[in-house]
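This is query.pdb (PDB, C-alpha atoms, pLDDT in the B column).
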ATOM      1  CA  MET A   1       5.544   4.607  -1.997  1.00 95.00           C
ATOM      2  CA  LEU A   2       7.427   7.877  -2.309  1.00 95.00           C
ATOM      3  CA  GLN A   3       5.186  10.840  -3.076  1.00 94.00           C
ATOM      4  CA  PRO A   4       5.821  13.231  -5.993  1.00 93.00           C
ATOM      5  CA  ASP A   5       7.103  16.011  -3.729  1.00 92.00           C
ATOM      6  CA  GLN A   6       9.678  13.582  -2.280  1.00 96.00           C
ATOM      7  CA  ILE A   7      11.163  12.692  -5.676  1.00 98.00           C
ATOM      8  CA  GLU A   8      13.832  14.772  -7.380  1.00 98.00           C
ATOM      9  CA  ARG A   9      14.708  12.324 -10.183  1.00 98.00           C
ATOM     10  CA  ALA A  10      12.884   9.357 -11.695  1.00 98.00           C
ATOM     11  CA  LEU A  11      13.822   7.015 -14.526  1.00 98.00           C
ATOM     12  CA  VAL A  12      11.279   5.175 -16.687  1.00 98.00           C
ATOM     13  CA  ILE A  13      12.610   2.079 -18.475  1.00 98.00           C
ATOM     14  CA  THR A  14      10.418   0.476 -21.152  1.00 98.00           C
ATOM     15  CA  ALA A  15      10.860  -1.825 -24.113  1.00 97.00           C
ATOM     16  CA  HIS A  16       9.095   0.265 -26.775  1.00 96.00           C
ATOM     17  CA  PRO A  17       7.940   3.781 -27.546  1.00 96.00           C
ATOM     18  CA  ASP A  18       4.387   4.256 -26.191  1.00 95.00           C
ATOM     19  CA  ASP A  19       4.766   1.655 -23.385  1.00 97.00           C
ATOM     20  CA  VAL A  20       5.280   4.404 -20.822  1.00 98.00           C
ATOM     21  CA  ASP A  21       2.293   6.359 -22.130  1.00 98.00           C
ATOM     22  CA  PHE A  22      -0.025   3.399 -21.627  1.00 96.00           C
ATOM     23  CA  GLY A  23       1.407   2.471 -18.250  1.00 97.00           C
ATOM     24  CA  ALA A  24       2.484   5.630 -16.466  1.00 98.00           C
ATOM     25  CA  ALA A  25       2.057   8.895 -18.411  1.00 98.00           C
ATOM     26  CA  GLY A  26      -0.434  10.301 -15.888  1.00 98.00           C
ATOM     27  CA  THR A  27       1.879   9.508 -12.998  1.00 98.00           C
ATOM     28  CA  VAL A  28       4.805  11.021 -14.878  1.00 98.00           C
ATOM     29  CA  ALA A  29       2.784  14.221 -15.351  1.00 98.00           C
ATOM     30  CA  ASN A  30       2.149  14.281 -11.594  1.00 98.00           C
ATOM     31  CA  LEU A  31       5.892  13.958 -10.999  1.00 98.00           C
ATOM     32  CA  THR A  32       6.957  16.674 -13.422  1.00 98.00           C
ATOM     33  CA  ASP A  33       4.247  19.007 -12.102  1.00 98.00           C
ATOM     34  CA  ALA A  34       5.765  18.522  -8.650  1.00 98.00           C
ATOM     35  CA  GLY A  35       9.202  19.490  -9.968  1.00 97.00           C
ATOM     36  CA  ALA A  36      10.796  16.076 -10.507  1.00 98.00           C
ATOM     37  CA  GLN A  37      13.238  15.508 -13.355  1.00 98.00           C
ATOM     38  CA  VAL A  38      12.027  12.441 -15.275  1.00 98.00           C
ATOM     39  CA  THR A  39      14.126  10.580 -17.844  1.00 98.00           C
ATOM     40  CA  TYR A  40      12.805   8.009 -20.313  1.00 98.00           C
ATOM     41  CA  CYS A  41      14.993   5.072 -21.354  1.00 98.00           C
ATOM     42  CA  LEU A  42      13.673   3.195 -24.408  1.00 98.00           C
ATOM     43  CA  VAL A  43      15.329  -0.172 -24.962  1.00 98.00           C
ATOM     44  CA  THR A  44      14.170  -0.444 -28.601  1.00 97.00           C
ATOM     45  CA  ASP A  45      13.008   2.006 -31.239  1.00 94.00           C
ATOM     46  CA  GLY A  46       9.829   0.012 -31.913  1.00 91.00           C
ATOM     47  CA  GLN A  47      10.870  -0.982 -35.424  1.00 85.00           C
ATOM     48  CA  ALA A  48       8.392  -3.883 -35.481  1.00 83.00           C
ATOM     49  CA  GLY A  49       5.384  -1.684 -34.760  1.00 84.00           C
ATOM     50  CA  GLY A  50       2.863   0.026 -37.003  1.00 79.00           C
ATOM     51  CA  PHE A  51       0.579  -1.133 -39.802  1.00 83.00           C
ATOM     52  CA  ASP A  52       1.824   0.635 -42.961  1.00 80.00           C
ATOM     53  CA  ASP A  53       3.743  -1.814 -45.163  1.00 80.00           C
ATOM     54  CA  SER A  54       5.146   1.051 -47.254  1.00 81.00           C
ATOM     55  CA  ILE A  55       7.298   2.256 -44.342  1.00 85.00           C
ATOM     56  CA  SER A  56      10.684   0.600 -43.999  1.00 88.00           C
ATOM     57  CA  ARG A  57      11.728  -0.656 -40.608  1.00 85.00           C
ATOM     58  CA  GLU A  58      14.562   1.867 -40.516  1.00 90.00           C
ATOM     59  CA  GLU A  59      12.106   4.684 -41.192  1.00 90.00           C
ATOM     60  CA  MET A  60       9.702   3.320 -38.593  1.00 88.00           C
ATOM     61  CA  ALA A  61      12.460   3.510 -35.984  1.00 92.00           C
ATOM     62  CA  ARG A  62      13.020   7.182 -36.830  1.00 95.00           C
ATOM     63  CA  ILE A  63       9.292   7.916 -36.749  1.00 95.00           C
ATOM     64  CA  ARG A  64       8.797   6.237 -33.403  1.00 95.00           C
ATOM     65  CA  ARG A  65      11.682   8.089 -31.793  1.00 97.00           C
ATOM     66  CA  GLU A  66      10.123  11.319 -32.977  1.00 97.00           C
ATOM     67  CA  GLU A  67       6.663  10.295 -31.758  1.00 97.00           C
ATOM     68  CA  GLN A  68       7.977   9.304 -28.334  1.00 98.00           C
ATOM     69  CA  THR A  69       9.813  12.613 -28.008  1.00 98.00           C
ATOM     70  CA  LYS A  70       6.563  14.484 -28.752  1.00 98.00           C
ATOM     71  CA  ALA A  71       4.599  12.262 -26.364  1.00 98.00           C
ATOM     72  CA  ALA A  72       7.133  12.848 -23.603  1.00 98.00           C
ATOM     73  CA  ALA A  73       6.822  16.609 -24.009  1.00 98.00           C
ATOM     74  CA  GLU A  74       3.068  16.330 -23.361  1.00 98.00           C
ATOM     75  CA  VAL A  75       3.814  15.234 -19.787  1.00 98.00           C
ATOM     76  CA  GLY A  76       6.833  17.435 -19.140  1.00 98.00           C
ATOM     77  CA  VAL A  77       9.688  15.103 -20.121  1.00 98.00           C
ATOM     78  CA  THR A  78      12.522  16.289 -22.351  1.00 98.00           C
ATOM     79  CA  ASP A  79      15.312  13.844 -21.420  1.00 98.00           C
ATOM     80  CA  LEU A  80      15.127  10.616 -23.449  1.00 98.00           C
ATOM     81  CA  VAL A  81      17.699   7.845 -23.891  1.00 98.00           C
ATOM     82  CA  PHE A  82      17.305   5.423 -26.808  1.00 98.00           C
ATOM     83  CA  LEU A  83      19.419   2.276 -26.446  1.00 97.00           C
ATOM     84  CA  GLY A  84      18.744   0.998 -29.967  1.00 95.00           C
ATOM     85  CA  HIS A  85      18.192  -2.702 -29.255  1.00 95.00           C
ATOM     86  CA  MET A  86      16.177  -4.552 -31.902  1.00 94.00           C
ATOM     87  CA  ASP A  87      12.416  -4.599 -31.421  1.00 92.00           C
ATOM     88  CA  GLY A  88      11.168  -8.152 -30.946  1.00 92.00           C
ATOM     89  CA  SER A  89      14.604  -9.435 -29.946  1.00 94.00           C
ATOM     90  CA  VAL A  90      15.195  -7.988 -26.487  1.00 96.00           C
ATOM     91  CA  GLN A  91      17.220 -10.367 -24.344  1.00 96.00           C
ATOM     92  CA  PHE A  92      17.680 -10.415 -20.578  1.00 97.00           C
ATOM     93  CA  ASP A  93      21.443 -10.624 -20.777  1.00 97.00           C
ATOM     94  CA  LEU A  94      24.621  -8.939 -19.584  1.00 97.00           C
ATOM     95  CA  ASN A  95      24.627  -6.445 -22.451  1.00 97.00           C
ATOM     96  CA  LEU A  96      21.219  -5.054 -21.523  1.00 98.00           C
ATOM     97  CA  ARG A  97      22.028  -5.162 -17.808  1.00 98.00           C
ATOM     98  CA  ARG A  98      25.175  -3.129 -18.485  1.00 98.00           C
ATOM     99  CA  ASP A  99      23.310  -0.629 -20.653  1.00 98.00           C
ATOM    100  CA  LEU A 100      20.630  -0.075 -18.016  1.00 98.00           C
ATOM    101  CA  SER A 101      23.150   0.069 -15.179  1.00 98.00           C
ATOM    102  CA  ARG A 102      24.977   2.805 -17.074  1.00 98.00           C
ATOM    103  CA  VAL A 103      21.770   4.822 -17.468  1.00 98.00           C
ATOM    104  CA  ILE A 104      20.856   4.378 -13.783  1.00 98.00           C
ATOM    105  CA  ARG A 105      24.316   5.516 -12.700  1.00 98.00           C
ATOM    106  CA  GLU A 106      24.126   8.522 -15.011  1.00 98.00           C
ATOM    107  CA  VAL A 107      20.586   9.602 -14.099  1.00 98.00           C
ATOM    108  CA  ARG A 108      20.867   8.668 -10.381  1.00 98.00           C
ATOM    109  CA  PRO A 109      17.103   8.318  -9.819  1.00 98.00           C
ATOM    110  CA  GLN A 110      15.322   7.699  -6.541  1.00 98.00           C
ATOM    111  CA  VAL A 111      12.635   5.758  -8.404  1.00 98.00           C
ATOM    112  CA  VAL A 112      12.776   3.452 -11.414  1.00 98.00           C
ATOM    113  CA  ILE A 113       9.451   2.840 -13.162  1.00 98.00           C
ATOM    114  CA  THR A 114       9.448  -0.190 -15.437  1.00 98.00           C
ATOM    115  CA  GLN A 115       7.589  -3.222 -16.756  1.00 97.00           C
ATOM    116  CA  SER A 116       6.822  -6.496 -15.025  1.00 95.00           C
ATOM    117  CA  PRO A 117       9.698  -8.990 -14.926  1.00 95.00           C
ATOM    118  CA  THR A 118       7.197 -11.874 -14.856  1.00 92.00           C
ATOM    119  CA  ILE A 119       4.713 -13.298 -17.354  1.00 87.00           C
ATOM    120  CA  ASN A 120       1.087 -12.659 -16.412  1.00 79.00           C
ATOM    121  CA  VAL A 121      -0.920 -15.478 -17.969  1.00 77.00           C
ATOM    122  CA  THR A 122      -4.128 -13.422 -17.719  1.00 77.00           C
ATOM    123  CA  SER A 123      -2.690 -10.729 -20.021  1.00 75.00           C
ATOM    124  CA  VAL A 124      -1.204 -11.828 -23.331  1.00 80.00           C
ATOM    125  CA  TYR A 125      -0.584  -8.251 -24.488  1.00 72.00           C
ATOM    126  CA  GLY A 126       0.893  -7.251 -21.143  1.00 72.00           C
ATOM    127  CA  SER A 127       3.337 -10.147 -21.268  1.00 83.00           C
ATOM    128  CA  HIS A 128       5.098  -9.275 -24.527  1.00 90.00           C
ATOM    129  CA  ALA A 129       8.502 -10.995 -24.444  1.00 93.00           C
ATOM    130  CA  ASP A 130      10.301  -7.659 -24.872  1.00 95.00           C
ATOM    131  CA  HIS A 131       8.397  -6.237 -21.886  1.00 95.00           C
ATOM    132  CA  VAL A 132       9.317  -9.159 -19.636  1.00 96.00           C
ATOM    133  CA  ALA A 133      12.986  -9.138 -20.668  1.00 97.00           C
ATOM    134  CA  THR A 134      13.140  -5.371 -20.100  1.00 98.00           C
ATOM    135  CA  GLY A 135      11.508  -5.737 -16.685  1.00 97.00           C
ATOM    136  CA  GLN A 136      13.957  -8.476 -15.712  1.00 98.00           C
ATOM    137  CA  ALA A 137      16.960  -6.457 -16.827  1.00 98.00           C
ATOM    138  CA  ALA A 138      15.717  -3.267 -15.150  1.00 98.00           C
ATOM    139  CA  TRP A 139      15.084  -5.127 -11.880  1.00 98.00           C
ATOM    140  CA  THR A 140      18.560  -6.658 -11.991  1.00 98.00           C
ATOM    141  CA  ALA A 141      20.168  -3.363 -12.937  1.00 98.00           C
ATOM    142  CA  VAL A 142      18.590  -1.744  -9.868  1.00 98.00           C
ATOM    143  CA  TYR A 143      19.784  -4.627  -7.712  1.00 98.00           C
ATOM    144  CA  PRO A 144      22.500  -5.654  -7.661  1.00 97.00           C
ATOM    145  CA  ASP A 145      24.201  -4.198 -10.717  1.00 98.00           C
ATOM    146  CA  ALA A 146      23.993  -0.387 -10.552  1.00 98.00           C
ATOM    147  CA  ARG A 147      24.969  -0.165  -6.886  1.00 98.00           C
ATOM    148  CA  ASN A 148      27.774  -2.735  -6.966  1.00 97.00           C
ATOM    149  CA  PRO A 149      31.142  -1.098  -7.726  1.00 95.00           C
ATOM    150  CA  TYR A 150      32.592  -4.468  -8.730  1.00 95.00           C
ATOM    151  CA  GLN A 151      29.941  -5.221 -11.333  1.00 96.00           C
ATOM    152  CA  PHE A 152      30.801  -3.893 -14.798  1.00 97.00           C
ATOM    153  CA  PRO A 153      34.135  -2.296 -13.828  1.00 95.00           C
ATOM    154  CA  ASP A 154      34.265  -0.708 -17.276  1.00 95.00           C
ATOM    155  CA  LEU A 155      31.487   1.635 -16.131  1.00 96.00           C
ATOM    156  CA  LEU A 156      33.719   2.914 -13.341  1.00 93.00           C
ATOM    157  CA  ILE A 157      36.409   3.603 -15.916  1.00 92.00           C
ATOM    158  CA  GLU A 158      33.817   5.655 -17.829  1.00 93.00           C
ATOM    159  CA  GLY A 159      33.166   7.657 -14.661  1.00 95.00           C
ATOM    160  CA  CYS A 160      29.787   6.057 -13.874  1.00 96.00           C
ATOM    161  CA  GLU A 161      29.827   5.814 -10.100  1.00 97.00           C
ATOM    162  CA  PRO A 162      27.570   3.270  -8.344  1.00 98.00           C
ATOM    163  CA  TRP A 163      24.037   4.363  -7.462  1.00 98.00           C
ATOM    164  CA  SER A 164      21.336   2.844  -5.249  1.00 98.00           C
ATOM    165  CA  VAL A 165      17.699   3.299  -6.285  1.00 98.00           C
ATOM    166  CA  ASP A 166      15.163   3.661  -3.454  1.00 98.00           C
ATOM    167  CA  GLU A 167      12.079   2.140  -5.101  1.00 98.00           C
ATOM    168  CA  ILE A 168      11.032   0.168  -8.188  1.00 98.00           C
ATOM    169  CA  TRP A 169       7.519   0.788  -9.510  1.00 98.00           C
ATOM    170  CA  ILE A 170       6.097  -1.929 -11.766  1.00 97.00           C
ATOM    171  CA  MET A 171       3.462  -0.537 -14.120  1.00 97.00           C
ATOM    172  CA  PHE A 172       0.073  -2.306 -13.813  1.00 94.00           C
ATOM    173  CA  GLY A 173       1.557  -4.552 -11.103  1.00 89.00           C
ATOM    174  CA  SER A 174       3.338  -7.840 -11.727  1.00 79.00           C
ATOM    175  CA  GLY A 175       0.152  -9.879 -12.066  1.00 78.00           C
ATOM    176  CA  GLN A 176       0.884 -12.087  -9.075  1.00 79.00           C
ATOM    177  CA  PRO A 177      -2.206 -13.280  -7.162  1.00 77.00           C
ATOM    178  CA  ASN A 178      -3.283 -10.973  -4.331  1.00 80.00           C
ATOM    179  CA  GLU A 179      -0.259  -8.738  -4.676  1.00 86.00           C
ATOM    180  CA  PRO A 180      -0.536  -5.299  -3.059  1.00 90.00           C
ATOM    181  CA  VAL A 181      -0.746  -2.422  -5.533  1.00 93.00           C
ATOM    182  CA  GLU A 182      -0.465   1.326  -5.128  1.00 96.00           C
ATOM    183  CA  THR A 183      -3.057   3.460  -6.909  1.00 97.00           C
ATOM    184  CA  VAL A 184      -2.128   6.880  -8.301  1.00 98.00           C
ATOM    185  CA  ASP A 185      -4.951   9.336  -9.006  1.00 98.00           C
ATOM    186  CA  ILE A 186      -4.378  10.758 -12.500  1.00 98.00           C
ATOM    187  CA  THR A 187      -7.749  12.452 -12.935  1.00 98.00           C
ATOM    188  CA  ARG A 188      -6.128  15.864 -13.485  1.00 98.00           C
ATOM    189  CA  GLN A 189      -3.749  14.318 -16.036  1.00 98.00           C
ATOM    190  CA  ILE A 190      -6.040  12.115 -18.121  1.00 98.00           C
ATOM    191  CA  ASP A 191      -6.174  14.560 -21.038  1.00 98.00           C
ATOM    192  CA  ARG A 192      -2.372  14.805 -21.082  1.00 98.00           C
ATOM    193  CA  LYS A 193      -2.091  11.007 -20.991  1.00 98.00           C
ATOM    194  CA  ILE A 194      -4.418  10.782 -23.979  1.00 97.00           C
ATOM    195  CA  GLN A 195      -2.507  13.475 -25.865  1.00 97.00           C
ATOM    196  CA  ALA A 196       0.728  11.564 -25.220  1.00 98.00           C
ATOM    197  CA  LEU A 197      -0.833   8.402 -26.634  1.00 97.00           C
ATOM    198  CA  ARG A 198      -2.223  10.283 -29.633  1.00 96.00           C
ATOM    199  CA  ALA A 199       1.325  11.411 -30.442  1.00 97.00           C
ATOM    200  CA  HIS A 200       2.051   7.831 -31.546  1.00 97.00           C
ATOM    201  CA  VAL A 201       0.274   8.365 -34.861  1.00 94.00           C
ATOM    202  CA  SER A 202       1.992   5.455 -36.588  1.00 92.00           C
ATOM    203  CA  GLN A 203       0.522   2.972 -34.098  1.00 90.00           C
ATOM    204  CA  HIS A 204      -3.177   3.856 -34.002  1.00 89.00           C
ATOM    205  CA  ARG A 205      -5.651   3.198 -36.803  1.00 88.00           C
ATOM    206  CA  ASP A 206      -8.503   4.621 -34.693  1.00 91.00           C
ATOM    207  CA  PRO A 207      -7.242   7.316 -32.295  1.00 87.00           C
ATOM    208  CA  ASP A 208     -10.764   8.329 -31.248  1.00 90.00           C
ATOM    209  CA  GLY A 209     -11.544   4.739 -30.344  1.00 93.00           C
ATOM    210  CA  LEU A 210      -8.262   4.591 -28.444  1.00 93.00           C
ATOM    211  CA  GLU A 211      -9.276   7.606 -26.373  1.00 94.00           C
ATOM    212  CA  GLN A 212     -12.553   5.958 -25.404  1.00 95.00           C
ATOM    213  CA  ARG A 213     -10.782   2.763 -24.408  1.00 95.00           C
ATOM    214  CA  VAL A 214      -8.285   4.693 -22.305  1.00 96.00           C
ATOM    215  CA  ARG A 215     -11.065   6.491 -20.455  1.00 96.00           C
ATOM    216  CA  THR A 216     -12.844   3.178 -19.871  1.00 97.00           C
ATOM    217  CA  TRP A 217      -9.824   1.155 -18.774  1.00 95.00           C
ATOM    218  CA  TRP A 218      -8.206   3.725 -16.512  1.00 97.00           C
ATOM    219  CA  GLY A 219     -11.582   4.776 -15.191  1.00 97.00           C
ATOM    220  CA  SER A 220     -12.158   1.162 -14.124  1.00 96.00           C
ATOM    221  CA  MET A 221      -8.863   1.195 -12.213  1.00 96.00           C
ATOM    222  CA  ALA A 222     -10.118   4.217 -10.276  1.00 97.00           C
ATOM    223  CA  VAL A 223     -13.418   2.457  -9.514  1.00 96.00           C
ATOM    224  CA  GLU A 224     -11.577  -0.639  -8.263  1.00 94.00           C
ATOM    225  CA  ALA A 225      -9.506   1.593  -5.973  1.00 95.00           C
ATOM    226  CA  GLY A 226     -12.586   3.276  -4.547  1.00 96.00           C
ATOM    227  CA  LEU A 227     -11.903   6.723  -6.007  1.00 97.00           C
ATOM    228  CA  PRO A 228     -14.849   9.065  -6.666  1.00 96.00           C
ATOM    229  CA  ASP A 229     -16.975   8.706  -9.791  1.00 94.00           C
ATOM    230  CA  GLY A 230     -15.333  10.282 -12.822  1.00 96.00           C
ATOM    231  CA  SER A 231     -11.814   9.583 -11.572  1.00 98.00           C
ATOM    232  CA  PHE A 232      -8.954   7.930 -13.433  1.00 98.00           C
ATOM    233  CA  ALA A 233      -6.011   6.031 -11.975  1.00 98.00           C
ATOM    234  CA  GLU A 234      -2.818   4.169 -12.753  1.00 98.00           C
ATOM    235  CA  ARG A 235      -1.471   1.442 -10.531  1.00 97.00           C
ATOM    236  CA  PHE A 236       1.875  -0.017  -9.617  1.00 97.00           C
ATOM    237  CA  PHE A 237       3.504  -2.734  -7.575  1.00 96.00           C
ATOM    238  CA  VAL A 238       6.089  -0.898  -5.478  1.00 97.00           C
ATOM    239  CA  ALA A 239       9.242  -2.625  -4.223  1.00 96.00           C
ATOM    240  CA  ASP A 240      11.502  -0.979  -1.658  1.00 96.00           C
ATOM    241  CA  SER A 241      15.045  -1.421  -2.984  1.00 96.00           C
ATOM    242  CA  ARG A 242      16.916   0.509  -0.295  1.00 94.00           C
TER     243      ARG A 242
END

Once more with this new file: its structure as structure tokens, please.
Amino acid sequence: MLQPDQIERALVITAHPDDVDFGAAGTVANLTDAGAQVTYCLVTDGQAGGFDDSISREEMARIRREEQTKAAAEVGVTDLVFLGHMDGSVQFDLNLRRDLSRVIREVRPQVVITQSPTINVTSVYGSHADHVATGQAAWTAVYPDARNPYQFPDLLIEGCEPWSVDEIWIMFGSGQPNEPVETVDITRQIDRKIQALRAHVSQHRDPDGLEQRVRTWWGSMAVEAGLPDGSFAERFFVADSR
């Protein structure tokens, strides 16, 4: 796993606003603190989220873009790409593969952080269909699409030259039995992670309760990894894509 001081550019690809903040905001803060340029790519605007029936879906999309932009700033990210696919309808298809290949070629990251391309039957929430489709498309965009000059020749016409990503980091791991995972200590960043999550006001009925759950869940990841008491951690399955 590349270390923060070895990474100049990273790209985070997720299905919805707030997915990155649950899965990797502490790690992102570590990266930006070390000087890396991090870009967020949001496949949807999260139109199907929230709990206020008085808000139209078009307005919810605007709100969630704004919330994600504020959340990103909490961990040092100012470069966000919104692809505008429909929330709840993400498909692992050529259109999404092309969109993500374009972003990879434009950003030219060493690392792509994304969601699992496989369903984890022990985690219903973690296996949202949009998450899985996004993970599949991101994986395929890393290899073979973004590096292959003969895939999506229209991107070459646009000036998007092929790019090879060094590593793919799957947030939380893929859920496969006995898979190796890398643990990232985010103890110094836990307050920033929580502030990023709190920025998603439209999604949380009980933000104080959310904070407690975050401290419990990500504290348990640190315990499982053998970190000192009072630590917090995020974890990833890391695939070498060189």

Starting from the displayed file, determine the output of the PyMOL selection byres ((chain A and resi 237) around 6) and express the residue list as JSON, numbers by chain. {"A": [169, 170, 173, 181, 236, 238]}

Closest-contact table, range 140-203 of chain A side, partner range 47-50 of chain A, 10 Å, counting only C-alpha atoms, as CSV:
residue,atom,partner,partner_atom,distance
A:His200,CA,A:Gly50,CA,9.6
A:Val201,CA,A:Gly50,CA,9.0
A:Ser202,CA,A:Gly50,CA,5.5
A:Gln203,CA,A:Gly50,CA,4.8

Pull out every residue that the PyMOL selection byres ((chain A and resi 225-228) around 12) matches in the shown coordinates and put them as an NGL selection string. :A and (180-187 or 218-224 or 229-235)

With C-alpha atoms retained, write the just-selected residues as a short mmCIF file (atom, residue, chain, number, x, y, z; two decimals), in the coordinates of the input.
data_model
loop_
_atom_site.label_atom_id
_atom_site.label_comp_id
_atom_site.auth_asym_id
_atom_site.auth_seq_id
_atom_site.Cartn_x
_atom_site.Cartn_y
_atom_site.Cartn_z
CA PRO A 180 -0.54 -5.30 -3.06
CA VAL A 181 -0.75 -2.42 -5.53
CA GLU A 182 -0.46 1.33 -5.13
CA THR A 183 -3.06 3.46 -6.91
CA VAL A 184 -2.13 6.88 -8.30
CA ASP A 185 -4.95 9.34 -9.01
CA ILE A 186 -4.38 10.76 -12.50
CA THR A 187 -7.75 12.45 -12.94
CA TRP A 218 -8.21 3.72 -16.51
CA GLY A 219 -11.58 4.78 -15.19
CA SER A 220 -12.16 1.16 -14.12
CA MET A 221 -8.86 1.20 -12.21
CA ALA A 222 -10.12 4.22 -10.28
CA VAL A 223 -13.42 2.46 -9.51
CA GLU A 224 -11.58 -0.64 -8.26
CA ASP A 229 -16.98 8.71 -9.79
CA GLY A 230 -15.33 10.28 -12.82
CA SER A 231 -11.81 9.58 -11.57
CA PHE A 232 -8.95 7.93 -13.43
CA ALA A 233 -6.01 6.03 -11.98
CA GLU A 234 -2.82 4.17 -12.75
CA ARG A 235 -1.47 1.44 -10.53
#

Interatomic distance between CA of Ser54 in chain A and CA of Asp206 in chain A? 18.9 Å

Up to 7 Å from (14.6, 15.6, -19.7) in the file's coordinates: name the residues, counting all atoms listed in the file, as a PDB file with C-alpha atoms, keeping the file's coordinate frame.
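Output (point05.pdb):
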ATOM      1  CA  GLN A  37      13.238  15.508 -13.355  1.00 98.00           C
ATOM      2  CA  VAL A  38      12.027  12.441 -15.275  1.00 98.00           C
ATOM      3  CA  THR A  39      14.126  10.580 -17.844  1.00 98.00           C
ATOM      4  CA  VAL A  77       9.688  15.103 -20.121  1.00 98.00           C
ATOM      5  CA  THR A  78      12.522  16.289 -22.351  1.00 98.00           C
ATOM      6  CA  ASP A  79      15.312  13.844 -21.420  1.00 98.00           C
ATOM      7  CA  LEU A  80      15.127  10.616 -23.449  1.00 98.00           C
TER       8      LEU A  80
END

Could you tell me which residues the PyMOL selection byres ((chain A and resi 64-66) around 12) grabs in this file, written as a ChimeraX atom specification? /A:16-19,40-50,55,57-63,67-73,78,80-84,87,197,199-203

Excluding Ile119 in chain A and its own-chain neighbours fewer than 6 positions away, which residues fall within 12 Å of it when counting all atoms listed in the file? Please give them as a list in words.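 The neighbour list is Tyr125, Gly126, Ser127, His128, Ala129, Asp130, His131, Val132, Ala133, Thr134, Gly135, Gln136, Gly173, Ser174, Gly175 and Gln176 of chain A.
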
Model the absent atoms of range 19-31 of chain A so that N, CA, C and O atoms are present, and write the result as a CSV table (one decimal), keeping the file's coordinate frame.
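Result went into part_15.csv, see below:
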chain,number,residue,atom,x,y,z
A,19,ASP,N,5.0,2.5,-24.6
A,19,ASP,CA,4.8,1.7,-23.4
A,19,ASP,C,4.6,2.5,-22.1
A,19,ASP,O,3.7,2.3,-21.3
A,20,VAL,N,5.4,3.5,-22.0
A,20,VAL,CA,5.3,4.4,-20.8
A,20,VAL,C,4.0,5.2,-20.9
A,20,VAL,O,3.3,5.4,-19.8
A,21,ASP,N,3.5,5.5,-22.0
A,21,ASP,CA,2.3,6.4,-22.1
A,21,ASP,C,1.1,5.5,-21.8
A,21,ASP,O,0.1,6.1,-21.1
A,22,PHE,N,1.1,4.3,-22.1
A,22,PHE,CA,0.0,3.4,-21.6
A,22,PHE,C,0.1,3.2,-20.1
A,22,PHE,O,-0.9,3.3,-19.4
A,23,GLY,N,1.3,2.9,-19.6
A,23,GLY,CA,1.4,2.5,-18.2
A,23,GLY,C,1.5,3.5,-17.2
A,23,GLY,O,1.1,3.3,-16.1
A,24,ALA,N,2.1,4.7,-17.5
A,24,ALA,CA,2.5,5.6,-16.5
A,24,ALA,C,2.5,7.1,-16.8
A,24,ALA,O,3.0,7.9,-16.0
A,25,ALA,N,1.9,7.5,-18.0
A,25,ALA,CA,2.1,8.9,-18.4
A,25,ALA,C,1.4,9.8,-17.4
A,25,ALA,O,1.9,11.0,-17.2
A,26,GLY,N,0.2,9.4,-16.9
A,26,GLY,CA,-0.4,10.3,-15.9
A,26,GLY,C,0.4,10.5,-14.6
A,26,GLY,O,0.5,11.6,-14.1
A,27,THR,N,1.0,9.4,-14.2
A,27,THR,CA,1.9,9.5,-13.0
A,27,THR,C,3.1,10.4,-13.3
A,27,THR,O,3.5,11.2,-12.5
A,28,VAL,N,3.7,10.2,-14.5
A,28,VAL,CA,4.8,11.0,-14.9
A,28,VAL,C,4.4,12.5,-14.9
A,28,VAL,O,5.2,13.4,-14.4
A,29,ALA,N,3.2,12.8,-15.4
A,29,ALA,CA,2.8,14.2,-15.4
A,29,ALA,C,2.7,14.7,-13.9
A,29,ALA,O,3.0,15.9,-13.6
A,30,ASN,N,2.2,13.9,-13.0
A,30,ASN,CA,2.1,14.3,-11.6
A,30,ASN,C,3.5,14.6,-11.1
A,30,ASN,O,3.8,15.6,-10.3
A,31,LEU,N,4.5,13.8,-11.5
A,31,LEU,CA,5.9,14.0,-11.0
A,31,LEU,C,6.5,15.2,-11.5
A,31,LEU,O,7.1,16.0,-10.8
